[in-house]
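Asker: My structure is stored as entry-v1.tsv, with TSV, C-alpha atoms.
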```
chain	number	residue	atom	x	y	z
A	1	MET	CA	12.35	-4.02	7.10
A	2	ALA	CA	8.95	-2.40	7.61
A	3	TYR	CA	5.63	-3.21	5.97
A	4	TRP	CA	3.07	-0.84	4.50
A	5	LEU	CA	-0.16	-0.66	2.53
A	6	ILE	CA	-0.96	1.80	-0.26
A	7	LYS	CA	-4.38	2.31	-1.79
A	8	SER	CA	-5.34	3.06	-5.35
A	9	GLU	CA	-8.66	3.14	-7.13
A	10	PRO	CA	-8.25	0.65	-10.00
A	11	PHE	CA	-9.88	2.95	-12.56
A	12	LYS	CA	-7.24	5.59	-11.72
A	13	TYR	CA	-4.21	3.32	-11.28
A	14	SER	CA	-4.57	-0.47	-11.14
A	15	TRP	CA	-2.14	-3.22	-10.22
A	16	ASP	CA	-2.08	-4.26	-13.90
A	17	GLN	CA	-1.08	-0.75	-14.97
A	18	PHE	CA	1.57	-0.68	-12.23
A	19	VAL	CA	3.05	-3.94	-13.52
A	20	LYS	CA	2.98	-2.59	-17.08
A	21	ASP	CA	4.75	0.61	-15.96
A	22	LYS	CA	7.36	-1.39	-13.95
A	23	LYS	CA	7.77	1.54	-11.52
A	24	THR	CA	5.83	4.58	-10.32
A	25	PHE	CA	6.00	7.36	-7.80
A	26	TRP	CA	3.11	7.74	-5.36
A	27	ASP	CA	1.93	11.33	-5.71
A	28	GLY	CA	-1.09	13.34	-4.69
A	29	VAL	CA	-0.96	12.39	-1.00
A	30	ARG	CA	-2.44	15.35	0.88
A	31	ASN	CA	-2.94	13.89	4.33
A	32	TYR	CA	-0.28	14.46	6.98
A	33	ALA	CA	-0.50	10.97	8.51
A	34	ALA	CA	-0.17	9.36	5.05
A	35	ARG	CA	2.69	11.75	4.20
A	36	ASN	CA	4.49	10.83	7.43
A	37	ASN	CA	4.15	7.15	6.51
A	38	LEU	CA	5.70	7.88	3.09
A	39	LYS	CA	8.58	9.67	4.82
A	40	ALA	CA	9.17	6.67	7.10
A	41	MET	CA	9.52	4.19	4.23
A	42	LYS	CA	12.96	2.78	3.48
A	43	LYS	CA	14.30	1.26	0.28
A	44	HIS	CA	13.27	-2.42	-0.07
A	45	ASP	CA	10.39	-2.16	2.45
A	46	GLU	CA	7.48	-4.31	1.26
A	47	VAL	CA	4.12	-2.73	0.51
A	48	LEU	CA	0.67	-4.23	0.04
A	49	PHE	CA	-1.12	-2.82	-3.03
A	50	TYR	CA	-4.81	-2.36	-2.27
A	51	HIS	CA	-7.57	-1.66	-4.78
A	52	SER	CA	-9.97	0.78	-3.11
A	53	ASN	CA	-13.58	1.76	-3.93
A	54	GLU	CA	-13.98	-1.01	-6.53
A	55	GLY	CA	-12.62	-4.46	-5.95
A	56	VAL	CA	-11.72	-3.46	-2.36
A	57	GLU	CA	-8.99	-6.05	-2.00
A	58	ILE	CA	-5.27	-6.48	-1.50
A	59	VAL	CA	-3.95	-7.66	-4.86
A	60	GLY	CA	-0.16	-7.51	-4.83
A	61	ILE	CA	3.13	-6.66	-3.18
A	62	ALA	CA	5.33	-3.73	-4.17
A	63	LYS	CA	8.75	-2.70	-2.90
A	64	VAL	CA	10.07	0.75	-2.12
A	65	ALA	CA	12.47	1.58	-4.97
A	66	LYS	CA	13.38	5.13	-3.90
A	67	GLU	CA	12.78	6.90	-0.60
A	68	PHE	CA	10.80	10.12	-0.32
A	69	TYR	CA	11.50	13.30	-2.24
A	70	GLN	CA	9.55	16.46	-3.11
A	71	ASP	CA	6.25	15.75	-4.88
A	72	PRO	CA	6.86	17.01	-8.44
A	73	THR	CA	3.13	17.70	-8.91
A	74	THR	CA	3.16	20.61	-6.42
A	75	ASP	CA	5.40	23.47	-5.33
A	76	ASP	CA	4.27	23.00	-1.73
A	77	GLU	CA	7.29	21.57	0.10
A	78	ALA	CA	5.05	19.82	2.64
A	79	TRP	CA	4.27	16.99	0.22
A	80	VAL	CA	6.47	14.11	-0.88
A	81	VAL	CA	6.42	11.04	-3.11
A	82	VAL	CA	8.00	7.60	-2.86
A	83	GLU	CA	8.88	5.37	-5.81
A	84	PHE	CA	7.58	1.82	-5.89
A	85	LYS	CA	8.17	-1.15	-8.14
A	86	PRO	CA	5.90	-4.20	-8.39
A	87	TYR	CA	7.25	-7.28	-6.67
A	88	LYS	CA	4.56	-9.94	-7.08
A	89	LYS	CA	0.86	-10.44	-7.60
A	90	LEU	CA	-0.72	-12.35	-4.73
A	91	LYS	CA	-1.80	-15.94	-5.46
A	92	LYS	CA	-5.22	-14.99	-4.08
A	93	SER	CA	-6.40	-11.44	-3.56
A	94	VAL	CA	-7.54	-10.66	-0.02
A	95	PRO	CA	-10.91	-8.84	0.02
A	96	LEU	CA	-11.61	-6.22	2.68
A	97	ASP	CA	-14.53	-8.25	4.08
A	98	VAL	CA	-12.15	-11.18	4.72
A	99	VAL	CA	-9.73	-8.84	6.53
A	100	LYS	CA	-12.57	-7.41	8.64
A	101	LYS	CA	-13.88	-10.88	9.56
A	102	ASP	CA	-10.49	-12.10	10.78
A	103	LYS	CA	-10.36	-11.22	14.48
A	104	ARG	CA	-6.54	-11.31	14.38
A	105	LEU	CA	-6.65	-8.23	12.12
A	106	ALA	CA	-9.12	-6.18	14.20
A	107	ASN	CA	-6.46	-3.56	14.99
A	108	MET	CA	-5.01	-3.34	11.46
A	109	ASP	CA	-4.97	0.21	10.05
A	110	LEU	CA	-7.01	-1.03	7.07
A	111	VAL	CA	-9.84	-1.84	9.50
A	112	ARG	CA	-9.41	1.05	11.96
A	113	LEU	CA	-8.32	3.88	9.62
A	114	GLY	CA	-10.20	2.96	6.47
A	115	ARG	CA	-9.75	6.29	4.73
A	116	LEU	CA	-5.99	6.61	5.19
A	117	SER	CA	-4.30	6.06	1.81
A	118	VAL	CA	-0.83	5.07	3.08
A	119	GLN	CA	-0.83	2.82	6.12
A	120	THR	CA	1.46	0.86	8.38
A	121	VAL	CA	1.23	-2.93	8.53
A	122	LYS	CA	2.61	-4.74	11.58
A	123	PRO	CA	4.78	-7.82	10.89
A	124	GLU	CA	2.19	-10.14	12.45
A	125	GLU	CA	-0.55	-8.58	10.27
A	126	TRP	CA	1.66	-9.07	7.20
A	127	GLU	CA	2.04	-12.78	8.02
A	128	ILE	CA	-1.74	-13.19	8.38
A	129	ILE	CA	-2.36	-11.41	5.06
A	130	MET	CA	0.21	-13.69	3.40
A	131	GLU	CA	-1.58	-16.71	4.90
A	132	LEU	CA	-4.96	-15.45	3.62
A	133	ALA	CA	-3.42	-14.84	0.17
A	134	GLY	CA	-2.09	-18.41	-0.04
A	135	GLU	CA	1.48	-17.14	0.17
A	136	GLY	CA	2.26	-18.87	3.48
```
Please, can you express the file's structure as structure tokens?
Answerer:
Amino acid sequence: MAYWLIKSEPFKYSWDQFVKDKKTFWDGVRNYAARNNLKAMKKHDEVLFYHSNEGVEIVGIAKVAKEFYQDPTTDDEAWVVVEFKPYKKLKKSVPLDVVKKDKRLANMDLVRLGRLSVQTVKPEEWEIIMELAGEG
């Protein structure tokens, strides 16, 4: 299993809305690195759900429900979507400033590639995030 992080601005699509919807596909990705990350995801991979721009914190865990397919919001075959379902809300959200202050996470994509909307998370980074979230 691999680990990932996806970003959403809460006013556009929040964790609470995601839970209410029970499932969603991640569309609108127009960055090749983010798209390649979507293409690499496998069913049941676990995904950190991050509120960007406001809140700026990791709030929950999603799972890949369906692997990539053509983005239905565009005719351009270069772009894909992945379906996610909510798995669990974190006991404690993990703010970006906490991630940045933890030296063990200095190389995490969230710190190094702040603008990338779909990111990889290394297993050791996942464990640290779970620890910070009180999930350990």
Asker: Just to confirm, what's the straight-line distance from CA of Arg104 in chain A to CA of Arg35 in chain A in Å (one decimal)?
Answerer: 26.8 Å
Asker: If you take all atoms listed in the file and a cut-off of 9 Å, which residues of range 21-50 of chain A touch range 71-80 of chain A, and what are their nearest atom pairs and distances in Å to one decimal, in chain and number order, as CSV?
Answerer:
```
residue,atom,partner,partner_atom,distance
A:Phe25,CA,A:Asp71,CA,8.9
A:Trp26,CA,A:Val80,CA,8.5
A:Asp27,CA,A:Asp71,CA,6.2
A:Gly28,CA,A:Thr73,CA,7.4
A:Val29,CA,A:Trp79,CA,7.1
A:Arg30,CA,A:Trp79,CA,6.9
A:Asn31,CA,A:Trp79,CA,8.9
A:Tyr32,CA,A:Trp79,CA,8.5
A:Arg35,CA,A:Val80,CA,6.8
A:Leu38,CA,A:Val80,CA,7.4
A:Lys39,CA,A:Val80,CA,7.5
```
Asker: Measuring between only C-alpha atoms, which one of A:Lys88, A:Lys22, A:Lys103, A:His44 shows the shortest distance to Ala2 in chain A?
Answerer: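 Answer, going by the shortest atom-to-atom distance: A:His44.
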Asker: I'd like to know which of A:Ala62, A:Val111, A:Val94, A:Ala133 is closest to Val19 in chain A, using all atoms listed in the file.
Answerer: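 Of A:Ala62, A:Val111, A:Val94, A:Ala133, the one nearest Val19 in chain A is A:Ala62, counting all atoms listed in the file.
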Asker: If I take CA of Asp109 in chain A and CA of Glu131 in chain A, how far is one from the other in Å, to one decimal?
Answerer: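 So the answer is 18.0 Å.
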Asker: Neighbours of Met41 in chain A within 12 Å (all atoms listed in the file; same-chain residues fewer than 3 positions away dropped), as a PDB file with C-alpha atoms, in the coordinates of the input?
Answerer:
```pdb
ATOM      1  CA  MET A   1      12.350  -4.020   7.100  1.00  0.00           C
ATOM      2  CA  ALA A   2       8.950  -2.400   7.610  1.00  0.00           C
ATOM      3  CA  TYR A   3       5.630  -3.210   5.970  1.00  0.00           C
ATOM      4  CA  TRP A   4       3.070  -0.840   4.500  1.00  0.00           C
ATOM      5  CA  LEU A   5      -0.160  -0.660   2.530  1.00  0.00           C
ATOM      6  CA  ILE A   6      -0.960   1.800  -0.260  1.00  0.00           C
ATOM      7  CA  ALA A  34      -0.170   9.360   5.050  1.00  0.00           C
ATOM      8  CA  ARG A  35       2.690  11.750   4.200  1.00  0.00           C
ATOM      9  CA  ASN A  36       4.490  10.830   7.430  1.00  0.00           C
ATOM     10  CA  ASN A  37       4.150   7.150   6.510  1.00  0.00           C
ATOM     11  CA  LEU A  38       5.700   7.880   3.090  1.00  0.00           C
ATOM     12  CA  HIS A  44      13.270  -2.420  -0.070  1.00  0.00           C
ATOM     13  CA  ASP A  45      10.390  -2.160   2.450  1.00  0.00           C
ATOM     14  CA  GLU A  46       7.480  -4.310   1.260  1.00  0.00           C
ATOM     15  CA  VAL A  47       4.120  -2.730   0.510  1.00  0.00           C
ATOM     16  CA  LYS A  63       8.750  -2.700  -2.900  1.00  0.00           C
ATOM     17  CA  VAL A  64      10.070   0.750  -2.120  1.00  0.00           C
ATOM     18  CA  ALA A  65      12.470   1.580  -4.970  1.00  0.00           C
ATOM     19  CA  LYS A  66      13.380   5.130  -3.900  1.00  0.00           C
ATOM     20  CA  GLU A  67      12.780   6.900  -0.600  1.00  0.00           C
ATOM     21  CA  PHE A  68      10.800  10.120  -0.320  1.00  0.00           C
ATOM     22  CA  TYR A  69      11.500  13.300  -2.240  1.00  0.00           C
ATOM     23  CA  VAL A  80       6.470  14.110  -0.880  1.00  0.00           C
ATOM     24  CA  VAL A  81       6.420  11.040  -3.110  1.00  0.00           C
ATOM     25  CA  VAL A  82       8.000   7.600  -2.860  1.00  0.00           C
ATOM     26  CA  GLU A  83       8.880   5.370  -5.810  1.00  0.00           C
ATOM     27  CA  PHE A  84       7.580   1.820  -5.890  1.00  0.00           C
ATOM     28  CA  VAL A 118      -0.830   5.070   3.080  1.00  0.00           C
ATOM     29  CA  GLN A 119      -0.830   2.820   6.120  1.00  0.00           C
ATOM     30  CA  THR A 120       1.460   0.860   8.380  1.00  0.00           C
ATOM     31  CA  VAL A 121       1.230  -2.930   8.530  1.00  0.00           C
TER      32      VAL A 121
END
```
Asker: With a distance cut-off of 10 Å and only C-alpha atoms, select the neighbouring residues of Leu90 in chain A, excluding the residue or stretch itself and same-chain residues fewer than 3 positions from it, and output the selection as an mmCIF file with C-alpha atoms, in the frame of the given file.
Answerer:
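New file result-v2.cif:
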```
data_model
loop_
_atom_site.group_PDB
_atom_site.id
_atom_site.type_symbol
_atom_site.label_atom_id
_atom_site.label_comp_id
_atom_site.auth_asym_id
_atom_site.auth_seq_id
_atom_site.Cartn_x
_atom_site.Cartn_y
_atom_site.Cartn_z
ATOM 1 C CA LEU A 48 0.670 -4.230 0.040
ATOM 2 C CA PHE A 49 -1.120 -2.820 -3.030
ATOM 3 C CA ILE A 58 -5.270 -6.480 -1.500
ATOM 4 C CA VAL A 59 -3.950 -7.660 -4.860
ATOM 5 C CA GLY A 60 -0.160 -7.510 -4.830
ATOM 6 C CA ILE A 61 3.130 -6.660 -3.180
ATOM 7 C CA TYR A 87 7.250 -7.280 -6.670
ATOM 8 C CA SER A 93 -6.400 -11.440 -3.560
ATOM 9 C CA VAL A 94 -7.540 -10.660 -0.020
ATOM 10 C CA ILE A 129 -2.360 -11.410 5.060
ATOM 11 C CA MET A 130 0.210 -13.690 3.400
ATOM 12 C CA LEU A 132 -4.960 -15.450 3.620
ATOM 13 C CA ALA A 133 -3.420 -14.840 0.170
ATOM 14 C CA GLY A 134 -2.090 -18.410 -0.040
ATOM 15 C CA GLU A 135 1.480 -17.140 0.170
#
```
Asker: How many Å separate CA of Lys89 in chain A from CA of Lys101 in chain A?
Answerer: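 For CA of Lys89 in chain A relative to CA of Lys101 in chain A, the distance reads 22.6 Å.
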